[in-house]
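Asks: I am attaching a structure below and will ask some questions about it afterwards.
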Amino acid sequence: MTTSRIKGLMAVCVIAVALSGCDELLTVSDPQRYTASDLDNALPAVANGVEGASHGPVEAFVIYNALLADEYQHTGTWSGYDEVDHGRFQYGTSPMDGSQNAWLRAQWFATDAEERFKRVMGDAEAASSPLTAQVRLAGAMSDLYLGQTYCEAVGEASGPVMTDAQMLQQAVTKFTATIQTAQSAGRADYAMAALAGRAQAKLMMGDVAGAAADAAGVPAGFSYDAVYNQQNNNWVVLVTTKTFNEAAGLMHKWWPLIEKKDEPGYMMDPLSGMPDMRIPVYFDGEVATDNETPHYSQWKYNNLTDDIPMVHSDGMRLIEAEALALSGNFAGATAVLNQLRAAVGLPGHEVPTSPEMMAGIVLWERFAEHFMEGYRALDLHRYGLTRQIFDELNDPERPGSGRPTKFSLSDTEALYNDNVENELTQRCLPKS
């Protein structure tokens, strides 16, 4: 599998101003303060820091989108998890504010770093530098996550509010620029990550045909991941996984598909009854942190240093299948999905005979392939299925009506940005 990752010591340098562990990369006269000239002499560290800043919030994106969807439920004592699980948050109380703030910082870091590269290297050299490709990718990825997670955000430091559609369009523009720069710089990995990111942005915008055209260019085995390490742990593991804190676990609707075992296993595939290796889980009968709820643990990530996929080739095949399904080519769509199933030893679906059946197959395969990657809530939102899915739970604690389907603008941004009105009635929060 081809994966673009920050490895080793450089992965510790999450942001450009947090470089104290990078002994040989940055030498400064005052260890307590990093000046502009210090950073000018450590451009690779700056670029790695920007990319790391765009990776950091992905763990929260996965957890909170799992809670917002029907993937996770709260099994601990944390009010933020509980509020999202039950759909009770609103503007000013969203626990995802911190993640938006982090991606906005990454967005600004990318812009600032690119200007630094131009100043230090000159416009011509910077235009084809792999460092520029790296920070452009980070900025585009930050915009992608802002656009697909929140109903509104800002597109630049202290800028005016942008809708999610506008933010996604900005991401498309940035990904296109990244592809051009990465190709000039000879960084095929960054160009491929940008192409996959652009496909994902177009999908979220509703341009499924355009998304599929981009997705077709991403080869099998490619993955671009958010990187975690001993200094920057994967919190999906740390706070929701068996043998660690068990503050959230798989939603009760999935429990009948999970066998009780003394060791990790897999959720059962509803079609065949066989274990689906795309959905690693662990349930040994123990209760969670709340001392009452059985803890059905995800097991896709079980080490604190496990990376989280942001975009990957299997996701691109799902986009191609969705485009074929929407065009009426059910046989073609099913063939693509069955290839993904065959790769994990599962039998294929029969070609469906109605759009409803086809949509159901696509939705299930997207759940399986993107298990614990944060996409389930996005799919329920864009398909307009949130209310139906939660009504079908028949769970009075989680009614389908009036449930938020995306997260709201960070009130921290509104408080300090004069271009944003910090008023509940002026802010969006889509609900089912």
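Letters A, B, ... mark the chains of the structure tokens in the order given; residue numbers begin at 1 per chain; ligand numbers begin at 1, in order shown.
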Quick one: everything within 12 Å of Lys118 in chain A, counting only C-alpha atoms, minus sequence neighbours fewer than 4 positions away in the same chain. Send it as a short mmCIF file (atom, residue, chain, number, x, y, z; two decimals) with all heavy atoms, in the first residue's frame.
Replies:
data_model
loop_
_atom_site.label_atom_id
_atom_site.label_comp_id
_atom_site.auth_asym_id
_atom_site.auth_seq_id
_atom_site.Cartn_x
_atom_site.Cartn_y
_atom_site.Cartn_z
N ASP A 40 12.63 30.38 9.02
CA ASP A 40 13.14 30.49 7.66
C ASP A 40 14.26 29.49 7.39
O ASP A 40 14.47 29.06 6.25
CB ASP A 40 13.67 31.91 7.40
CG ASP A 40 12.55 32.93 7.28
OD1 ASP A 40 11.38 32.52 7.20
OD2 ASP A 40 12.86 34.14 7.28
N LEU A 43 12.67 25.18 6.86
CA LEU A 43 11.46 25.08 6.03
C LEU A 43 10.86 23.68 5.99
O LEU A 43 9.62 23.54 6.01
CB LEU A 43 11.76 25.59 4.62
CG LEU A 43 12.18 27.07 4.52
CD1 LEU A 43 12.32 27.46 3.04
CD2 LEU A 43 11.20 27.99 5.23
N THR A 111 -1.34 28.82 4.53
CA THR A 111 -1.19 30.08 3.80
C THR A 111 0.08 30.80 4.23
O THR A 111 0.85 31.30 3.39
CB THR A 111 -2.42 30.97 4.06
OG1 THR A 111 -3.59 30.29 3.61
CG2 THR A 111 -2.29 32.29 3.31
N ASP A 112 0.31 30.87 5.53
CA ASP A 112 1.49 31.56 6.06
C ASP A 112 2.77 30.87 5.61
O ASP A 112 3.75 31.52 5.23
CB ASP A 112 1.41 31.59 7.58
CG ASP A 112 2.55 32.37 8.21
OD1 ASP A 112 2.57 33.61 8.07
OD2 ASP A 112 3.44 31.73 8.83
N ALA A 113 2.77 29.52 5.64
CA ALA A 113 3.97 28.79 5.23
C ALA A 113 4.28 29.01 3.76
O ALA A 113 5.44 29.18 3.38
CB ALA A 113 3.78 27.29 5.51
N GLU A 114 3.24 29.02 2.92
CA GLU A 114 3.47 29.23 1.50
C GLU A 114 4.07 30.61 1.24
O GLU A 114 4.98 30.75 0.40
CB GLU A 114 2.17 29.05 0.72
CG GLU A 114 2.38 29.09 -0.78
CD GLU A 114 1.14 28.69 -1.57
OE1 GLU A 114 0.19 28.14 -0.99
OE2 GLU A 114 1.14 28.95 -2.80
N GLY A 122 12.07 32.40 -3.15
CA GLY A 122 11.73 33.10 -4.38
C GLY A 122 10.51 32.45 -5.02
O GLY A 122 10.27 31.25 -4.86
N ASP A 123 9.76 33.24 -5.76
CA ASP A 123 8.51 32.76 -6.33
C ASP A 123 8.69 31.56 -7.25
O ASP A 123 7.92 30.58 -7.18
CB ASP A 123 7.81 33.88 -7.10
CG ASP A 123 7.25 34.96 -6.19
OD1 ASP A 123 7.25 34.75 -4.97
OD2 ASP A 123 6.82 36.01 -6.70
N ALA A 124 9.68 31.60 -8.10
CA ALA A 124 9.86 30.54 -9.10
C ALA A 124 10.19 29.20 -8.44
O ALA A 124 9.59 28.17 -8.76
CB ALA A 124 10.95 30.93 -10.09
N GLU A 125 11.14 29.21 -7.51
CA GLU A 125 11.52 27.96 -6.86
C GLU A 125 10.39 27.44 -5.98
O GLU A 125 10.12 26.23 -5.97
CB GLU A 125 12.78 28.17 -6.00
CG GLU A 125 13.27 26.89 -5.33
CD GLU A 125 14.53 27.12 -4.50
OE1 GLU A 125 15.10 28.22 -4.59
OE2 GLU A 125 14.92 26.19 -3.77
N ALA A 126 9.73 28.34 -5.27
CA ALA A 126 8.64 27.92 -4.40
C ALA A 126 7.49 27.31 -5.19
O ALA A 126 6.82 26.38 -4.72
CB ALA A 126 8.14 29.11 -3.58
N ALA A 127 7.25 27.81 -6.38
CA ALA A 127 6.11 27.34 -7.18
C ALA A 127 6.21 25.86 -7.53
O ALA A 127 5.19 25.21 -7.74
CB ALA A 127 6.00 28.17 -8.45
N SER A 128 7.44 25.33 -7.59
CA SER A 128 7.61 23.91 -7.94
C SER A 128 8.28 23.14 -6.81
O SER A 128 8.83 22.06 -7.04
CB SER A 128 8.43 23.78 -9.22
OG SER A 128 9.70 24.38 -9.07
N SER A 129 8.19 23.66 -5.60
CA SER A 129 8.84 23.01 -4.47
C SER A 129 7.94 21.93 -3.87
O SER A 129 6.73 22.14 -3.71
CB SER A 129 9.17 24.04 -3.39
OG SER A 129 9.56 23.41 -2.18
N LEU A 131 7.84 21.28 -0.85
CA LEU A 131 7.34 21.86 0.40
C LEU A 131 6.04 22.62 0.15
O LEU A 131 5.11 22.56 0.97
CB LEU A 131 8.40 22.78 1.02
CG LEU A 131 9.73 22.15 1.38
CD1 LEU A 131 10.66 23.19 2.00
CD2 LEU A 131 9.54 20.97 2.32
N THR A 132 5.98 23.34 -0.96
CA THR A 132 4.74 24.05 -1.30
C THR A 132 3.63 23.06 -1.57
O THR A 132 2.48 23.25 -1.13
CB THR A 132 4.97 24.94 -2.53
OG1 THR A 132 6.01 25.89 -2.25
CG2 THR A 132 3.71 25.69 -2.90
#
Asks: Compile a residue-level contact table for range 263-373 of chain A against range 58-80 of chain A at a cut-off of 12 Å, reporting for every qualifying residue the shortest atom pair and its distance in Å to one decimal, with only C-alpha atoms counted, rows ordered by chain and ascending number, as a Markdown table.
Replies:
| residue | atom | partner | partner_atom | distance |
| --- | --- | --- | --- | --- |
| A:Ile279 | CA | A:Glu71 | CA | 11.6 |
| A:Glu286 | CA | A:Thr75 | CA | 12.0 |
| A:Val287 | CA | A:Thr75 | CA | 8.7 |
| A:Ala288 | CA | A:Thr75 | CA | 5.9 |
| A:Thr289 | CA | A:Gly76 | CA | 4.8 |
| A:Asp290 | CA | A:Gly76 | CA | 4.6 |
| A:Asn291 | CA | A:Gly76 | CA | 8.2 |
| A:Glu292 | CA | A:Thr75 | CA | 8.2 |
| A:Thr293 | CA | A:Thr75 | CA | 6.1 |
| A:Pro294 | CA | A:Thr75 | CA | 8.2 |
| A:His295 | CA | A:Thr75 | CA | 7.3 |
| A:Tyr296 | CA | A:Tyr72 | CA | 9.4 |
| A:Ser297 | CA | A:Tyr72 | CA | 9.5 |
| A:Gln298 | CA | A:Tyr72 | CA | 9.3 |
| A:Lys300 | CA | A:Val62 | CA | 11.9 |
| A:Tyr301 | CA | A:Glu59 | CA | 10.8 |
| A:Leu304 | CA | A:Glu59 | CA | 11.2 |
| A:Thr305 | CA | A:Glu59 | CA | 11.6 |
| A:Asp306 | CA | A:Glu59 | CA | 10.6 |
| A:Asp307 | CA | A:Glu59 | CA | 9.3 |
| A:Ile308 | CA | A:Glu59 | CA | 7.5 |
| A:Pro309 | CA | A:Val58 | CA | 9.1 |
| A:Met310 | CA | A:Val58 | CA | 7.9 |
| A:Val311 | CA | A:Val58 | CA | 11.6 |
| A:Phe367 | CA | A:Glu71 | CA | 8.9 |
| A:Ala368 | CA | A:Glu71 | CA | 10.9 |
| A:His370 | CA | A:Val62 | CA | 10.4 |
| A:Phe371 | CA | A:Glu71 | CA | 8.4 |
| A:Met372 | CA | A:Val62 | CA | 6.2 |
| A:Glu373 | CA | A:Val62 | CA | 5.4 |
Asks: Using the chain letters and numbers from this document, which residues of range 33-189 of chain A does DSSP assign to helix (DSSP H, G or I), as number ranges by chain?
Replies: A: 36-40, 43-55, 58-68, 79-85, 97-121, 123-127, 130-149, 164-185, 188-189
Asks: Nearest to Val46 in chain A among A:Ala191, A:Ala343, A:Val172, A:Ala138, with distances taken over only C-alpha atoms: which residue is it?
Replies: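 Comparing A:Ala191, A:Ala343, A:Val172, A:Ala138 against Val46 in chain A, the winner is A:Ala138.
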Asks: How many Å separate CA of Ser410 in chain A from CA of Leu146 in chain A?
Replies: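 Distance reported for this atom pair: 10.9 Å.
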Asks: Return as a ChimeraX atom specification the full set of residues in range 202-238 of chain A whose backbone-based DSSP assignment is strand (DSSP E).
Replies: /A:222-226
Asks: Go ahead and write the selection's residues with N, CA, C and O atoms as a PDB file, in the first residue's frame.
Replies:
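again.pdb was written with the following content:
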ATOM      1  N   PHE A 222      -3.688   2.760  -2.811  1.00  0.00           N
ATOM      2  CA  PHE A 222      -3.265   4.079  -2.335  1.00  0.00           C
ATOM      3  C   PHE A 222      -4.043   4.479  -1.096  1.00  0.00           C
ATOM      4  O   PHE A 222      -5.259   4.275  -1.009  1.00  0.00           O
ATOM      5  N   SER A 223      -3.362   5.071  -0.137  1.00  0.00           N
ATOM      6  CA  SER A 223      -4.007   5.624   1.051  1.00  0.00           C
ATOM      7  C   SER A 223      -3.201   6.810   1.553  1.00  0.00           C
ATOM      8  O   SER A 223      -1.962   6.772   1.556  1.00  0.00           O
ATOM      9  N   TYR A 224      -3.906   7.851   1.939  1.00  0.00           N
ATOM     10  CA  TYR A 224      -3.271   9.004   2.586  1.00  0.00           C
ATOM     11  C   TYR A 224      -3.865   9.094   3.975  1.00  0.00           C
ATOM     12  O   TYR A 224      -5.084   9.230   4.131  1.00  0.00           O
ATOM     13  N   ASP A 225      -3.008   8.988   5.011  1.00  0.00           N
ATOM     14  CA  ASP A 225      -3.475   8.804   6.375  1.00  0.00           C
ATOM     15  C   ASP A 225      -3.095   9.959   7.291  1.00  0.00           C
ATOM     16  O   ASP A 225      -2.041  10.590   7.117  1.00  0.00           O
ATOM     17  N   ALA A 226      -3.941  10.178   8.305  1.00  0.00           N
ATOM     18  CA  ALA A 226      -3.570  11.032   9.428  1.00  0.00           C
ATOM     19  C   ALA A 226      -2.661  10.216  10.328  1.00  0.00           C
ATOM     20  O   ALA A 226      -2.970   9.081  10.676  1.00  0.00           O
TER      21      ALA A 226
END
Asks: Counting only C-alpha atoms, what is within 8 Å of Asn101 in chain A, bar same-chain residues fewer than 4 positions away, as a PyMOL selection string?
Replies: chain A and resi 97+105+410+412-413
Asks: I need the residues from that last selection saved to file as a short mmCIF file (atom, residue, chain, number, x, y, z; two decimals), in the first residue's frame (with N, CA, C and O atoms), if you can.
Replies:
data_model
loop_
_atom_site.label_atom_id
_atom_site.label_comp_id
_atom_site.auth_asym_id
_atom_site.auth_seq_id
_atom_site.Cartn_x
_atom_site.Cartn_y
_atom_site.Cartn_z
N ASP A 97 -16.31 22.25 18.28
CA ASP A 97 -15.75 23.59 18.07
C ASP A 97 -14.22 23.55 18.04
O ASP A 97 -13.59 24.21 17.21
N ARG A 105 -6.79 26.85 12.10
CA ARG A 105 -5.38 27.17 12.31
C ARG A 105 -4.52 26.52 11.24
O ARG A 105 -3.60 27.14 10.70
N SER A 410 -17.90 27.22 14.99
CA SER A 410 -17.31 27.41 16.31
C SER A 410 -17.66 28.79 16.85
O SER A 410 -17.42 29.81 16.19
N THR A 412 -16.15 30.21 19.15
CA THR A 412 -14.88 30.89 19.40
C THR A 412 -14.50 31.75 18.21
O THR A 412 -14.04 32.90 18.36
N GLU A 413 -14.69 31.22 17.01
CA GLU A 413 -14.42 31.99 15.80
C GLU A 413 -15.31 33.22 15.74
O GLU A 413 -14.86 34.33 15.44
#
Asks: What is the distance, in Å and to one decimal place, between CA of Ala110 in chain A and CA of Pro219 in chain A?
Replies: 27.1 Å
Asks: Between CA of Gln90 in chain A and CA of Ala171 in chain A, what is the distance in Å, rounded to a tenth?
Replies: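 Between CA of Gln90 in chain A and CA of Ala171 in chain A the gap works out to 25.8 Å.
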Asks: Excluding Asp214 in chain A and residues on its chain fewer than 5 positions from it, collect all residues at most 7 Å away from it, counting only C-alpha atoms, and give them as a list in words.
Replies: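 Near Asp214 in chain A, the qualifying residues are Leu195, Ala196 and Ala199 of chain A.
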Asks: Could you write out the selected residues, including all heavy atoms, as an mmCIF file, in the first residue's frame?
Replies:
data_model
loop_
_atom_site.group_PDB
_atom_site.id
_atom_site.type_symbol
_atom_site.label_atom_id
_atom_site.label_comp_id
_atom_site.auth_asym_id
_atom_site.auth_seq_id
_atom_site.Cartn_x
_atom_site.Cartn_y
_atom_site.Cartn_z
ATOM 1 N N LEU A 195 -5.736 14.428 -5.632
ATOM 2 C CA LEU A 195 -6.752 13.959 -6.566
ATOM 3 C C LEU A 195 -7.868 13.228 -5.812
ATOM 4 O O LEU A 195 -9.063 13.444 -6.080
ATOM 5 C CB LEU A 195 -6.126 13.024 -7.602
ATOM 6 C CG LEU A 195 -7.062 12.504 -8.702
ATOM 7 C CD1 LEU A 195 -7.574 13.653 -9.566
ATOM 8 C CD2 LEU A 195 -6.335 11.463 -9.563
ATOM 9 N N ALA A 196 -7.489 12.375 -4.860
ATOM 10 C CA ALA A 196 -8.482 11.672 -4.055
ATOM 11 C C ALA A 196 -9.273 12.646 -3.193
ATOM 12 O O ALA A 196 -10.492 12.508 -3.033
ATOM 13 C CB ALA A 196 -7.799 10.617 -3.191
ATOM 14 N N ALA A 199 -11.803 14.357 -5.328
ATOM 15 C CA ALA A 199 -12.935 13.458 -5.588
ATOM 16 C C ALA A 199 -13.893 13.465 -4.407
ATOM 17 O O ALA A 199 -15.117 13.534 -4.572
ATOM 18 C CB ALA A 199 -12.432 12.045 -5.857
#
Asks: Skipping near chain neighbours, those fewer than 3 positions away, what residues fall within 9 Å of Pro160 in chain A using only C-alpha atoms, listed as a list in words?
Replies: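 Result of the neighbour search: Ala153, Val154, Gly155, Glu156, Ala157, Asn417, Asp418, Asn419 and Val420 of chain A.
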Asks: Got a sec: who's within 9 Å of range 361-363 of chain A, counting only C-alpha atoms, leaving out chain neighbours fewer than 5 positions off, as a list of chain:residue names?
Replies: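 Counting only the stated atoms, we get A:Leu318, A:Ala321, A:Glu322, A:Ala325, A:Ala333, A:Thr334, A:Leu337, A:His349, A:Pro352, A:Glu356, A:Ala368, A:Arg376, A:Asp379, A:Leu380.
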Asks: Name the closest residue to Ser313 in chain A among the candidates A:Val351, A:Leu250, A:Gly197, A:Asp395; distances are taken between atoms, counting only C-alpha atoms.
Replies: A:Gly197
Asks: Near Met316 in chain A, within 8 Å and counting only C-alpha atoms, which residues show up once chain neighbours fewer than 4 positions away are dropped, as a list in words?
Replies: Ala196, Ala199, Ala212, Ala215, Ala216, Val218, His312 and Glu320 of chain A
Asks: Go ahead and write the residues just picked, C-alpha atoms, as a compact mmCIF listing (two decimals), in the first residue's frame.
Replies:
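Done, and the output landed in result_31.txt:
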# COMPACT_ATOMS: atom_id res chain seq x y z
CA ALA A 196 -8.48 11.67 -4.06
CA ALA A 199 -12.93 13.46 -5.59
CA ALA A 212 -16.01 9.51 -10.11
CA ALA A 215 -11.60 8.73 -8.35
CA ALA A 216 -10.82 6.69 -11.45
CA VAL A 218 -6.47 6.81 -7.95
CA HIS A 312 -7.94 5.84 0.02
CA GLU A 320 -17.28 5.08 -8.88
Asks: I need the residue nearest Met251 in chain A from this list: A:Tyr228, A:Phe390, A:Tyr266, A:Tyr150. Use only C-alpha atoms for the distance.
Replies: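 Of A:Tyr228, A:Phe390, A:Tyr266, A:Tyr150, the one nearest Met251 in chain A, counting only C-alpha atoms, is A:Phe390.
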Asks: Find, counting only C-alpha atoms, the residue in A:Ile258, A:Thr425, A:Arg398, A:Leu409 that gets nearest to Val84 in chain A.
Replies: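 With only C-alpha atoms as the atom set, the closest residue is A:Arg398.
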Asks: Select, from A:Leu168, A:Ala42, A:Met267, A:Leu340, the residue with the minimum atom-to-atom distance to Glu152 in chain A, counting only C-alpha atoms.
Replies: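 Closest to Glu152 in chain A, using only C-alpha atoms: A:Leu168.
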